[in-house]
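**Q** Contents of structure_22.cif (mmCIF, C-alpha atoms):
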```
data_target
#
loop_
_atom_site.label_atom_id
_atom_site.label_comp_id
_atom_site.auth_asym_id
_atom_site.auth_seq_id
_atom_site.Cartn_x
_atom_site.Cartn_y
_atom_site.Cartn_z
CA MET A 152 17.35 37.24 -2.42
CA ASP A 153 16.52 34.36 -4.75
CA ILE A 154 13.41 32.45 -3.74
CA TYR A 155 15.21 29.12 -4.14
CA LYS A 156 17.81 30.18 -1.59
CA VAL A 157 15.17 31.50 0.79
CA ASN A 158 13.33 28.17 0.74
CA LYS A 159 16.49 26.36 1.75
CA THR A 160 16.79 28.32 4.98
CA LYS A 161 15.47 27.12 8.31
CA ILE A 162 13.43 30.30 8.67
CA SER A 163 11.30 29.31 5.69
CA TYR A 164 10.37 25.97 7.23
CA ILE A 165 9.89 27.43 10.71
CA TYR A 166 7.32 29.73 9.14
CA LEU A 167 5.75 26.75 7.35
CA PHE A 168 5.53 24.84 10.65
CA ILE A 169 3.74 27.76 12.34
CA CYS A 170 1.45 28.17 9.33
CA MET A 171 0.41 24.50 9.27
CA PHE A 172 0.15 24.30 13.07
CA LEU A 173 -2.40 27.10 13.06
CA GLN A 174 -4.46 25.25 10.46
CA CYS A 175 -5.04 22.58 13.10
CA PHE A 176 -5.09 24.44 16.39
CA ILE A 177 -7.51 27.34 16.88
CA LEU A 178 -5.82 30.48 18.20
CA LYS A 179 -7.52 33.87 18.07
CA VAL A 180 -6.38 37.37 18.99
CA TYR A 181 -8.78 38.81 21.57
CA GLY A 182 -11.00 35.81 20.85
CA VAL A 183 -12.03 37.28 17.48
CA ILE A 184 -9.18 37.60 14.95
CA ASP A 185 -8.33 34.16 13.59
CA LEU A 186 -4.59 33.75 13.05
CA GLN A 187 -5.12 30.99 10.49
CA VAL A 188 -5.69 33.31 7.52
CA LEU A 189 -3.33 36.02 8.76
CA ILE A 190 -0.32 33.70 8.90
CA ILE A 191 -0.88 32.51 5.31
CA ALA A 192 -1.24 36.10 4.12
CA PHE A 193 2.00 36.97 5.93
CA GLY A 194 3.79 34.21 4.05
CA LEU A 195 2.54 35.57 0.74
CA LEU A 196 4.00 38.95 1.65
CA LEU A 197 7.39 37.26 2.09
CA TYR A 198 7.17 35.79 -1.39
CA CYS A 199 5.03 38.49 -3.05
CA ARG A 200 7.54 39.34 -5.74
CA ASN A 201 7.42 35.73 -6.92
CA ILE A 202 3.64 35.56 -7.36
CA ARG A 203 2.81 35.18 -11.01
CA PRO A 204 -0.51 36.36 -12.48
CA ILE A 205 -1.22 32.76 -13.48
CA TYR A 206 -3.92 30.75 -11.74
CA SER A 207 -4.16 27.09 -12.70
CA VAL A 208 -7.17 26.46 -14.92
CA ASN A 209 -7.69 23.05 -13.33
CA TYR A 210 -7.49 24.42 -9.80
CA SER A 211 -9.76 27.34 -10.70
CA VAL A 212 -12.57 24.82 -11.21
CA SER A 213 -12.54 24.00 -7.49
CA THR A 214 -12.44 27.74 -6.70
CA VAL A 215 -15.45 28.36 -8.93
CA VAL A 216 -17.32 25.48 -7.26
CA LEU A 217 -16.63 26.95 -3.81
CA LEU A 218 -17.62 30.41 -4.97
CA ALA A 219 -20.87 29.09 -6.43
CA PHE A 220 -21.54 27.14 -3.23
CA LEU A 221 -20.94 30.28 -1.18
CA GLY A 222 -23.37 32.26 -3.35
CA TYR A 223 -25.94 29.49 -3.10
CA SER A 224 -25.56 29.47 0.70
CA PHE A 225 -26.30 33.21 0.84
CA VAL A 226 -29.52 32.68 -1.10
CA VAL A 227 -30.60 29.83 1.19
CA LEU A 228 -29.82 31.86 4.31
CA LEU A 229 -31.68 34.92 3.01
CA ILE A 230 -34.93 32.99 2.71
CA SER A 231 -34.43 31.02 5.92
CA ASP A 232 -36.40 31.78 9.08
CA SER A 233 -33.34 31.07 11.27
CA PRO A 234 -30.27 31.46 9.04
CA ALA A 235 -27.08 29.64 10.10
CA SER A 236 -24.55 32.29 9.13
CA PHE A 237 -21.80 30.09 10.61
CA GLU A 238 -22.11 27.71 7.67
CA SER A 239 -21.56 30.51 5.16
CA PHE A 240 -18.57 31.73 7.16
CA ARG A 241 -17.21 28.17 6.99
CA LEU A 242 -17.49 28.26 3.19
CA PHE A 243 -15.97 31.74 3.01
CA ARG A 244 -13.02 30.66 5.18
CA ALA A 245 -12.53 27.57 3.01
CA LEU A 246 -12.57 29.71 -0.15
CA VAL A 247 -10.03 32.20 1.21
CA THR A 248 -7.64 29.57 2.57
CA SER A 249 -7.86 27.50 -0.63
CA ILE A 250 -6.75 30.51 -2.70
CA LEU A 251 -4.04 31.63 -0.26
CA LEU A 252 -2.63 28.12 0.15
CA TYR A 253 -2.54 27.68 -3.62
CA PHE A 254 -0.38 30.78 -4.05
CA LEU A 255 1.75 29.94 -1.00
CA PHE A 256 2.78 26.55 -2.37
CA GLU A 257 2.94 27.83 -5.94
CA VAL A 258 5.60 30.40 -5.05
CA GLY A 259 7.13 28.67 -2.02
CA ARG A 260 8.35 25.53 -3.81
CA PHE A 261 8.71 23.63 -0.56
CA ASP A 262 10.18 20.12 -0.45
CA PHE A 263 7.27 17.69 -0.09
CA TYR A 264 9.25 15.38 2.20
CA LYS A 265 9.79 18.28 4.60
CA VAL A 266 6.14 19.34 4.37
CA VAL A 267 4.99 15.83 5.32
CA ASN A 268 7.54 15.63 8.14
CA ILE A 269 6.23 18.93 9.51
CA LEU A 270 2.66 17.59 9.38
CA ILE A 271 3.78 14.41 11.18
CA ALA A 272 5.61 16.53 13.79
CA ILE A 273 2.45 18.57 14.44
CA ILE A 274 0.39 15.40 14.84
CA ALA A 275 3.11 13.96 17.12
CA ILE A 276 2.78 17.07 19.32
CA HIS A 277 -0.98 16.54 19.28
CA ALA A 278 -0.54 12.88 20.34
CA THR A 279 1.92 13.86 23.08
CA ILE A 280 -0.54 16.38 24.52
CA ILE A 281 -3.22 13.67 24.55
CA VAL A 282 -0.94 11.48 26.66
CA LEU A 283 -0.04 14.41 28.93
CA GLU A 284 -3.73 15.26 29.40
CA LEU A 285 -4.32 11.73 30.67
CA LEU A 286 -1.35 11.93 33.04
CA PHE A 287 -2.08 15.51 34.17
CA PRO A 288 -5.86 16.15 33.94
CA SER A 289 -5.46 19.84 34.82
CA LEU A 290 -3.86 20.30 31.41
CA LYS A 291 -7.27 19.67 29.84
CA ILE A 292 -8.57 22.89 31.35
CA ILE A 293 -5.65 24.86 29.91
CA MET A 294 -6.07 23.35 26.45
CA ALA A 295 -9.83 23.92 26.58
CA SER A 296 -9.35 27.61 27.29
CA LEU A 297 -6.88 27.98 24.40
CA GLY A 298 -8.86 25.93 21.90
CA ASP A 299 -12.39 27.08 22.67
CA PHE A 300 -13.33 23.59 23.88
CA ASN A 301 -16.61 23.68 25.81
CA LYS A 302 -17.50 20.00 26.07
CA LEU A 303 -17.65 18.13 29.33
CA THR A 304 -14.26 16.52 29.91
CA ALA A 305 -13.96 12.87 30.97
CA PRO A 306 -11.08 11.46 33.03
CA THR A 307 -10.29 8.68 30.53
CA ARG A 308 -10.52 10.78 27.36
CA ALA A 309 -8.42 13.53 25.81
CA SER A 310 -8.55 15.62 22.64
CA GLY A 311 -5.04 17.08 22.44
CA LEU A 312 -4.83 20.19 20.28
CA LEU A 313 -8.41 19.93 19.06
CA SER A 314 -11.86 20.75 20.39
CA SER A 315 -13.43 17.43 19.42
CA TYR A 316 -12.62 13.88 20.50
CA ASP A 317 -13.51 12.43 17.09
CA ALA A 318 -11.52 15.10 15.25
CA ALA A 319 -8.56 14.37 17.53
CA GLY A 320 -8.71 10.71 16.54
CA ALA A 321 -9.10 11.50 12.84
CA PHE A 322 -5.93 13.61 12.86
CA LEU A 323 -4.04 10.72 14.45
CA ILE A 324 -5.16 8.48 11.58
CA ILE A 325 -3.85 11.10 9.14
CA GLY A 326 -0.57 10.82 11.05
CA ILE A 327 -0.65 7.03 10.59
CA ILE A 328 -1.26 7.41 6.84
CA LEU A 329 1.53 9.97 6.38
CA SER A 330 3.99 8.02 8.56
CA ASN A 331 3.31 4.90 6.53
CA ALA A 332 3.96 6.87 3.33
CA MET A 333 7.23 8.23 4.66
CA TYR A 334 8.35 4.80 5.80
CA ARG A 335 7.67 3.41 2.33
CA LEU A 336 9.69 6.27 0.86
CA LYS A 337 12.52 6.53 3.36
CA SER A 338 12.58 3.11 5.11
CA ARG A 339 13.26 4.67 8.51
CA ALA A 340 12.02 2.74 11.54
CA ILE A 341 11.09 5.96 13.36
CA TYR A 342 7.97 6.21 11.21
CA MET A 343 6.78 2.77 12.29
CA TYR A 344 7.29 3.73 15.95
CA LEU A 345 5.28 6.90 15.32
CA ILE A 346 2.46 4.81 13.86
CA LEU A 347 2.46 2.75 17.05
CA PHE A 348 2.49 5.93 19.18
CA PHE A 349 -0.40 7.48 17.25
CA TRP A 350 -2.39 4.26 17.56
CA ILE A 351 -1.86 3.93 21.33
CA SER A 352 -2.64 7.60 22.07
CA GLY A 353 -5.73 7.42 19.85
CA PHE A 354 -7.53 5.08 22.26
CA ALA A 355 -8.09 8.08 24.52
CA THR A 356 -10.12 9.85 21.83
CA GLY A 357 -13.04 7.43 21.74
CA ARG A 358 -14.74 4.46 20.14
CA THR A 359 -14.58 5.76 16.58
CA PHE A 360 -10.79 5.74 16.61
CA MET A 361 -10.71 2.40 18.41
CA LEU A 362 -12.41 0.87 15.40
CA ILE A 363 -11.30 2.95 12.40
CA GLY A 364 -7.83 3.77 13.72
CA THR A 365 -7.14 0.12 14.54
CA ILE A 366 -8.23 -0.97 11.05
CA PHE A 367 -5.85 1.52 9.40
CA THR A 368 -3.03 0.50 11.77
CA VAL A 369 -3.53 -3.23 11.21
CA VAL A 370 -3.45 -2.73 7.42
CA VAL A 371 -0.20 -0.76 7.68
CA ILE A 372 1.46 -3.25 10.05
CA TRP A 373 0.29 -6.18 7.91
CA GLN A 374 1.90 -4.64 4.82
CA TYR A 375 5.08 -3.98 6.77
CA PHE A 376 5.54 -7.51 8.07
CA VAL A 377 4.05 -9.58 5.26
CA LYS A 378 4.93 -7.87 1.99
CA THR A 379 8.68 -7.65 2.60
CA GLY A 380 11.37 -9.94 3.92
CA LEU A 381 12.25 -10.60 7.55
CA THR A 382 15.03 -8.46 9.08
CA ILE A 383 16.49 -7.88 12.53
CA ARG A 384 14.82 -4.46 12.65
CA LYS A 385 11.46 -6.05 11.93
CA ILE A 386 11.98 -8.61 14.68
CA VAL A 387 12.77 -5.82 17.15
CA LEU A 388 9.81 -3.74 15.99
CA GLY A 389 7.56 -6.81 16.13
CA ALA A 390 8.58 -7.37 19.76
CA VAL A 391 7.84 -3.72 20.60
CA VAL A 392 4.47 -3.85 18.83
CA SER A 393 3.58 -7.10 20.60
CA TYR A 394 4.52 -5.70 24.00
CA PHE A 395 2.63 -2.44 23.67
CA GLY A 396 -0.22 -4.18 21.90
CA TYR A 397 -0.53 -6.50 24.89
CA LEU A 398 -0.56 -3.55 27.30
CA VAL A 399 -3.17 -1.69 25.27
CA LEU A 400 -5.42 -4.72 24.89
CA THR A 401 -5.08 -5.59 28.58
CA TYR A 402 -6.40 -2.14 29.42
CA ALA A 403 -8.72 -1.64 26.50
CA LEU A 404 -10.23 -5.07 25.82
CA PRO A 405 -12.77 -4.96 28.70
CA LEU A 406 -13.58 -1.40 27.67
CA LEU A 407 -13.88 -2.39 24.02
CA MET A 408 -16.19 -5.27 24.80
CA SER A 409 -18.42 -3.13 27.00
CA THR A 410 -18.29 -0.33 24.46
CA PHE A 411 -19.25 -2.73 21.67
CA LEU A 412 -22.25 -3.97 23.64
CA PHE A 413 -23.22 -0.42 24.56
CA THR A 414 -22.92 0.74 20.98
CA PHE A 415 -25.39 -1.86 19.75
CA TYR A 416 -27.64 -2.26 22.79
CA GLY A 417 -27.74 1.30 24.07
CA GLU A 418 -28.04 3.17 27.29
CA GLY A 419 -28.98 0.14 29.36
CA LEU A 420 -25.28 -0.36 30.07
CA ALA A 421 -24.75 3.10 31.52
CA SER A 422 -24.40 1.64 35.00
CA ASN A 423 -21.69 -0.66 33.70
CA ALA A 424 -19.91 2.39 32.28
CA ALA A 425 -19.93 4.09 35.66
CA ALA A 426 -18.76 0.92 37.36
CA THR A 427 -15.75 0.56 35.07
CA GLY A 428 -14.85 4.23 35.34
CA HIS A 429 -15.03 4.70 31.58
CA ASP A 430 -18.22 6.70 31.42
CA GLY A 431 -16.55 9.16 29.06
CA TYR A 432 -16.69 6.59 26.28
CA TYR A 433 -20.35 5.74 26.71
CA VAL A 434 -22.05 8.69 25.09
CA GLY A 435 -24.47 7.68 22.37
CA SER A 436 -25.13 4.30 20.81
CA LEU A 437 -26.22 3.29 17.33
CA SER A 438 -29.79 3.78 18.45
CA THR A 439 -28.84 7.35 19.38
CA LEU A 440 -27.12 7.85 16.03
CA SER A 441 -30.05 6.41 14.12
CA SER A 442 -32.44 8.71 16.00
CA MET A 443 -30.43 11.63 14.59
CA THR A 444 -31.30 10.52 11.06
CA TYR A 445 -34.58 11.86 9.84
CA VAL A 446 -35.77 13.40 6.58
CA SER A 447 -37.82 16.56 6.42
CA SER A 448 -41.36 16.09 5.16
CA ASN A 449 -40.89 19.27 3.15
CA LEU A 450 -39.57 18.27 -0.29
CA VAL A 451 -38.27 21.79 -0.96
CA GLY A 452 -36.33 21.64 2.31
CA VAL A 453 -34.80 18.29 1.34
CA ILE A 454 -33.67 19.57 -2.06
CA PHE A 455 -32.58 23.12 -1.17
CA GLY A 456 -32.16 22.95 2.62
CA THR A 457 -33.68 24.90 5.48
CA GLY A 458 -30.80 27.34 6.02
CA ASP A 459 -30.61 26.71 9.76
CA ARG A 460 -27.85 24.81 11.53
CA LEU A 461 -28.66 21.30 12.74
CA VAL A 462 -27.46 20.77 16.33
CA THR A 463 -29.40 17.60 17.17
CA SER A 464 -27.35 15.36 14.88
CA ASP A 465 -23.66 14.45 14.66
CA ILE A 466 -23.91 12.99 11.16
CA GLY A 467 -22.01 15.21 8.73
CA TYR A 468 -24.01 14.25 5.65
CA HIS A 469 -27.25 14.91 7.54
CA LYS A 470 -26.04 18.33 8.69
CA VAL A 471 -25.23 19.38 5.14
CA ILE A 472 -28.54 18.18 3.72
CA HIS A 473 -30.48 19.83 6.53
CA THR A 474 -28.81 23.23 6.00
CA PHE A 475 -28.22 23.29 2.24
CA GLY A 476 -30.24 20.35 0.95
CA VAL A 477 -29.23 17.60 -1.45
CA LEU A 478 -28.04 20.34 -3.79
CA GLY A 479 -25.61 21.51 -1.10
CA LEU A 480 -24.30 17.96 -0.69
CA LEU A 481 -23.71 17.84 -4.45
CA PHE A 482 -21.66 21.04 -4.15
CA TYR A 483 -19.50 19.33 -1.51
CA ILE A 484 -19.01 16.30 -3.74
CA ALA A 485 -18.25 18.50 -6.76
CA TYR A 486 -15.59 20.39 -4.79
CA ILE A 487 -13.85 17.22 -3.57
CA CYS A 488 -13.95 15.76 -7.09
CA SER A 489 -12.56 18.97 -8.61
CA THR A 490 -9.58 18.98 -6.22
CA TYR A 491 -8.95 15.32 -6.95
CA PHE A 492 -9.00 15.78 -10.72
CA TYR A 493 -6.75 18.82 -10.32
CA MET A 494 -3.93 16.62 -9.05
CA LYS A 495 -4.94 13.28 -10.63
CA ASN A 496 -2.61 13.46 -13.64
CA LYS A 497 0.08 15.47 -11.87
CA ILE A 498 1.18 12.79 -9.39
CA THR A 499 1.92 9.07 -9.69
CA SER A 500 -0.52 6.26 -8.93
CA PHE A 501 1.83 5.29 -6.09
CA GLU A 502 1.34 8.69 -4.47
CA LYS A 503 -2.43 8.60 -4.94
CA ARG A 504 -2.71 5.08 -3.54
CA LEU A 505 -0.45 5.71 -0.56
CA ILE A 506 -1.48 9.22 0.51
CA VAL A 507 -4.40 10.92 -1.22
CA LEU A 508 -6.95 8.09 -1.53
CA PRO A 509 -6.54 6.84 2.09
CA ILE A 510 -7.11 10.39 3.38
CA LEU A 511 -10.20 10.83 1.20
CA LEU A 512 -11.49 7.45 2.41
CA LEU A 513 -10.91 8.57 5.99
CA PHE A 514 -12.91 11.75 5.39
CA ILE A 515 -15.79 9.84 3.82
CA ILE A 516 -15.93 7.45 6.80
CA TYR A 517 -15.59 10.10 9.50
CA ASN A 518 -18.21 12.30 7.88
CA VAL A 519 -20.75 9.75 9.12
CA LYS A 520 -19.79 10.68 12.70
CA MET A 521 -19.03 14.39 12.28
CA GLN A 522 -18.89 17.12 9.65
CA VAL A 523 -15.48 16.78 8.02
CA PHE A 524 -15.73 18.22 4.51
CA LEU A 525 -14.59 21.87 4.48
CA SER A 526 -14.22 21.82 8.28
CA ARG A 527 -11.31 23.73 9.71
CA GLY A 528 -8.11 21.73 9.86
CA PHE A 529 -9.25 18.79 7.74
CA HIS A 530 -9.82 20.92 4.65
CA GLU A 531 -6.55 22.80 5.08
CA PHE A 532 -4.48 19.67 5.77
CA TYR A 533 -5.92 18.05 2.65
CA LEU A 534 -5.07 21.09 0.52
CA ILE A 535 -1.58 21.37 2.00
CA ILE A 536 -0.89 17.76 1.06
CA ILE A 537 -2.16 17.90 -2.53
CA LEU A 538 -0.85 21.41 -3.31
CA SER A 539 2.60 20.76 -1.89
CA LEU A 540 2.75 17.40 -3.68
CA VAL A 541 1.62 18.79 -7.05
CA ASN A 542 4.00 21.76 -6.93
CA TRP A 543 6.89 19.63 -5.69
CA ARG A 544 6.37 17.20 -8.55
CA LYS A 545 6.19 20.11 -11.02
CA ASN A 546 9.49 21.53 -9.80
CA ILE A 547 11.08 18.08 -9.97
CA ASP A 548 9.94 17.65 -13.55
CA GLN A 549 11.44 21.04 -14.34
CA GLY A 550 14.74 19.93 -12.76
CA ARG A 551 14.61 22.33 -9.82
CA LEU A 552 14.18 20.16 -6.74
CA GLY A 553 14.93 16.80 -5.20
CA THR A 554 14.10 13.37 -6.54
CA LYS A 555 10.87 11.60 -7.44
CA PHE A 556 9.07 9.10 -5.31
CA ARG A 557 10.16 5.59 -6.06
CA GLU A 558 7.44 3.37 -7.47
#
```
With the file now loaded, output its structure as structure tokens.

**A**
Amino acid sequence: MDIYKVNKTKISYIYLFICMFLQCFILKVYGVIDLQVLIIAFGLLLYCRNIRPIYSVNYSVSTVVLLAFLGYSFVVLLISDSPASFESFRLFRALVTSILLYFLFEVGRFDFYKVVNILIAIIAIHATIIVLELLFPSLKIIMASLGDFNKLTAPTRASGLLSSYDAAGAFLIIGIILSNAMYRLKSRAIYMYLILFFWISGFATGRTFMLIGTIFTVVVIWQYFVKTGLTIRKIVLGAVVSYFGYLVLTYALPLLMSTFLFTFYGEGLASNAAATGHDGYYVGSLSTLSSMTYVSSNLVGVIFGTGDRLVTSDIGYHKVIHTFGVLGLLFYIAYICSTYFYMKNKITSFEKRLIVLPILLLFIIYNVKMQVFLSRGFHEFYLIIILSLVNWRKNIDQGRLGTKFRE
């Protein structure tokens, strides 16, 4: 059967939904075999006769960077007293998925609109589970057992499909970015309501989302109401936003104020946290975060890393430098830059400004709080977006699919 006909069937996109869902949510067979790589490999078997022996020269640069980084990590771990093999496995997984995803979207020729809608649907499921976890706390135990989540749960917090509160919030912001893009492209009010839903559910993930997620949401809403004319739909949506915004702020404002004070003045407000019943939000202040930042006195360790995994710090940049040194951080930067330059001239400035650059900015910000670059889920979602966009644009230019984004 012709590949173009196959891609128009529902089965093709059901497979794509499962594939992308497993990039976000950790499921393992017997607790060992990761389904993430297996499902991509299965998709390549479906389309194997369409795989061409051509690998993009531009994309191969990012592959070479990852391969060099992986080799460098082996050297660092070999000479380390307590090697963190997990970090090398992370790089190996990123290398494998980057190659498999490249071929999947090269031969799949999926419609980018549908790919983004699938991503938004997955994040909407994630947001729904967050809400359900708040309403039915026993669900947290079930999700923890499925997702290998071993943190202490708090009654006022939820992480949805993910094993980290901060990661859960970051994915919701990705949902806000993609929903905003789809609204700009399709002008459907459902995307604005999804932005509101992602924003409200994100308050359960923690302080980082409260700040960063609200900034992204305010920018999107500001563009929506200010940059275009007034319509009945906007009046209705404005009323809905005002109502839910009032409800959220009524609940969250005392928490936000206390959280703000705690963040800057530290553990002295722990009793206040217990009194308000929001102790789940009061874990670590800026003083705690700053105490996680220290530089090794060993210059060789700073440049090349120690090879062991840092567990006493949440700061992503610090973790990378501790394990692989400044040189390792440069590998990370080189990889991100290589993927960006791969798609830079293949998509429009509108697409970069609306989708790619906001996501990269989000990663740069969140990497202060956690390790984002090449982490499971974030890395794969980023590649899915740029690879599907680049290949979709290529097929459009060749007259095979759809229509272009409007400027």

**Q** One decimal, Å: what's the distance from CA of Met333 (chain A) over to CA of Ala192 (chain A), could you say?

**A** 29.1 Å

**Q** Check which residues satisfy the PyMOL selection byres ((chain A and resi 521) around 7) in the file shown, then give them as a PDB file with C-alpha atoms, keeping the file's coordinate frame.

**A**
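Final file, part19.pdb:
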```pdb
ATOM      1  CA  ASP A 465     -23.660  14.450  14.660  1.00  0.00           C
ATOM      2  CA  ILE A 466     -23.910  12.990  11.160  1.00  0.00           C
ATOM      3  CA  GLY A 467     -22.010  15.210   8.730  1.00  0.00           C
ATOM      4  CA  TYR A 517     -15.590  10.100   9.500  1.00  0.00           C
ATOM      5  CA  ASN A 518     -18.210  12.300   7.880  1.00  0.00           C
ATOM      6  CA  VAL A 519     -20.750   9.750   9.120  1.00  0.00           C
ATOM      7  CA  LYS A 520     -19.790  10.680  12.700  1.00  0.00           C
ATOM      8  CA  GLN A 522     -18.890  17.120   9.650  1.00  0.00           C
ATOM      9  CA  VAL A 523     -15.480  16.780   8.020  1.00  0.00           C
TER      10      VAL A 523
END
```

**Q** Please determine the residues with any atom at most 7 Å from (-28.6, 21.6, 10.7) (coordinates as given in the file, with all atoms listed in the file counting) and report them as a ChimeraX atom specification.

**A** /A:459-462,470-471,473-474

**Q** Show me the residues close to (-27.8, 25.1, 4.3) - anything with an atom within 8 Å, counting all atoms listed in the file - and format the list as a short mmCIF file (atom, residue, chain, number, x, y, z; two decimals) with C-alpha atoms, in the frame of the given file.

**A**
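What landed in selection.cif:
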```
data_model
loop_
_atom_site.label_atom_id
_atom_site.label_comp_id
_atom_site.auth_asym_id
_atom_site.auth_seq_id
_atom_site.Cartn_x
_atom_site.Cartn_y
_atom_site.Cartn_z
CA SER A 224 -25.56 29.47 0.70
CA VAL A 227 -30.60 29.83 1.19
CA LEU A 228 -29.82 31.86 4.31
CA ALA A 235 -27.08 29.64 10.10
CA GLU A 238 -22.11 27.71 7.67
CA PHE A 455 -32.58 23.12 -1.17
CA GLY A 456 -32.16 22.95 2.62
CA THR A 457 -33.68 24.90 5.48
CA GLY A 458 -30.80 27.34 6.02
CA ASP A 459 -30.61 26.71 9.76
CA ARG A 460 -27.85 24.81 11.53
CA VAL A 471 -25.23 19.38 5.14
CA ILE A 472 -28.54 18.18 3.72
CA HIS A 473 -30.48 19.83 6.53
CA THR A 474 -28.81 23.23 6.00
CA PHE A 475 -28.22 23.29 2.24
CA GLY A 476 -30.24 20.35 0.95
CA GLY A 479 -25.61 21.51 -1.10
#
```

**Q** Do you know which residues are at most 12 Å from Lys503 (chain A) counting only C-alpha atoms, after dropping those on the same chain fewer than 2 positions away, and could you put them as a PDB file with C-alpha atoms, in the coordinates of the input?

**A**
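Produced file out28.pdb, reproduced below:
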```
ATOM      1  CA  ILE A 328      -1.260   7.410   6.840  1.00  0.00           C
ATOM      2  CA  ALA A 332       3.960   6.870   3.330  1.00  0.00           C
ATOM      3  CA  TYR A 491      -8.950  15.320  -6.950  1.00  0.00           C
ATOM      4  CA  PHE A 492      -9.000  15.780 -10.720  1.00  0.00           C
ATOM      5  CA  MET A 494      -3.930  16.620  -9.050  1.00  0.00           C
ATOM      6  CA  LYS A 495      -4.940  13.280 -10.630  1.00  0.00           C
ATOM      7  CA  ASN A 496      -2.610  13.460 -13.640  1.00  0.00           C
ATOM      8  CA  LYS A 497       0.080  15.470 -11.870  1.00  0.00           C
ATOM      9  CA  ILE A 498       1.180  12.790  -9.390  1.00  0.00           C
ATOM     10  CA  THR A 499       1.920   9.070  -9.690  1.00  0.00           C
ATOM     11  CA  SER A 500      -0.520   6.260  -8.930  1.00  0.00           C
ATOM     12  CA  PHE A 501       1.830   5.290  -6.090  1.00  0.00           C
ATOM     13  CA  LEU A 505      -0.450   5.710  -0.560  1.00  0.00           C
ATOM     14  CA  ILE A 506      -1.480   9.220   0.510  1.00  0.00           C
ATOM     15  CA  VAL A 507      -4.400  10.920  -1.220  1.00  0.00           C
ATOM     16  CA  LEU A 508      -6.950   8.090  -1.530  1.00  0.00           C
ATOM     17  CA  PRO A 509      -6.540   6.840   2.090  1.00  0.00           C
ATOM     18  CA  ILE A 510      -7.110  10.390   3.380  1.00  0.00           C
ATOM     19  CA  LEU A 511     -10.200  10.830   1.200  1.00  0.00           C
ATOM     20  CA  LEU A 512     -11.490   7.450   2.410  1.00  0.00           C
ATOM     21  CA  ILE A 536      -0.890  17.760   1.060  1.00  0.00           C
ATOM     22  CA  ILE A 537      -2.160  17.900  -2.530  1.00  0.00           C
ATOM     23  CA  LEU A 540       2.750  17.400  -3.680  1.00  0.00           C
ATOM     24  CA  VAL A 541       1.620  18.790  -7.050  1.00  0.00           C
ATOM     25  CA  PHE A 556       9.070   9.100  -5.310  1.00  0.00           C
ATOM     26  CA  GLU A 558       7.440   3.370  -7.470  1.00  0.00           C
TER      27      GLU A 558
END
```

**Q** If the PyMOL selection byres ((chain A and resi 483) around 9) were run on this exact file, what residues would it hold? Put them as a list in words.

**A** Val216, Leu217, Phe220, Val471, Leu478, Gly479, Leu480, Leu481, Phe482, Ile484, Ala485, Tyr486, Ile487, Cys488, Phe524 and Leu525 of chain A

**Q** Show which residues sit within 6 Å of Leu242 (chain A), as a ChimeraX atom specification. Count only C-alpha atoms, and ignore same-chain residues fewer than 3 positions away.

**A** /A:221,239,245

**Q** Would you kindly return, as a PyMOL selection string, each protein, DNA or RNA residue with an atom no farther than 12 Å from any atom of Val267 (chain A), considering only C-alpha atoms and excluding same-chain residues fewer than 5 positions away?

**A** chain A and resi 164+167-168+171+261-262+272-274+325-334+336+342+506+532-533+535-540+543

**Q** Expressed in Å to a single decimal, how great is the separation between CA of Arg544 (chain A) and CA of Ser249 (chain A)?

**A**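 Straight-line distance from CA of Arg544 (chain A) to CA of Ser249 (chain A) works out to 19.3 Å.
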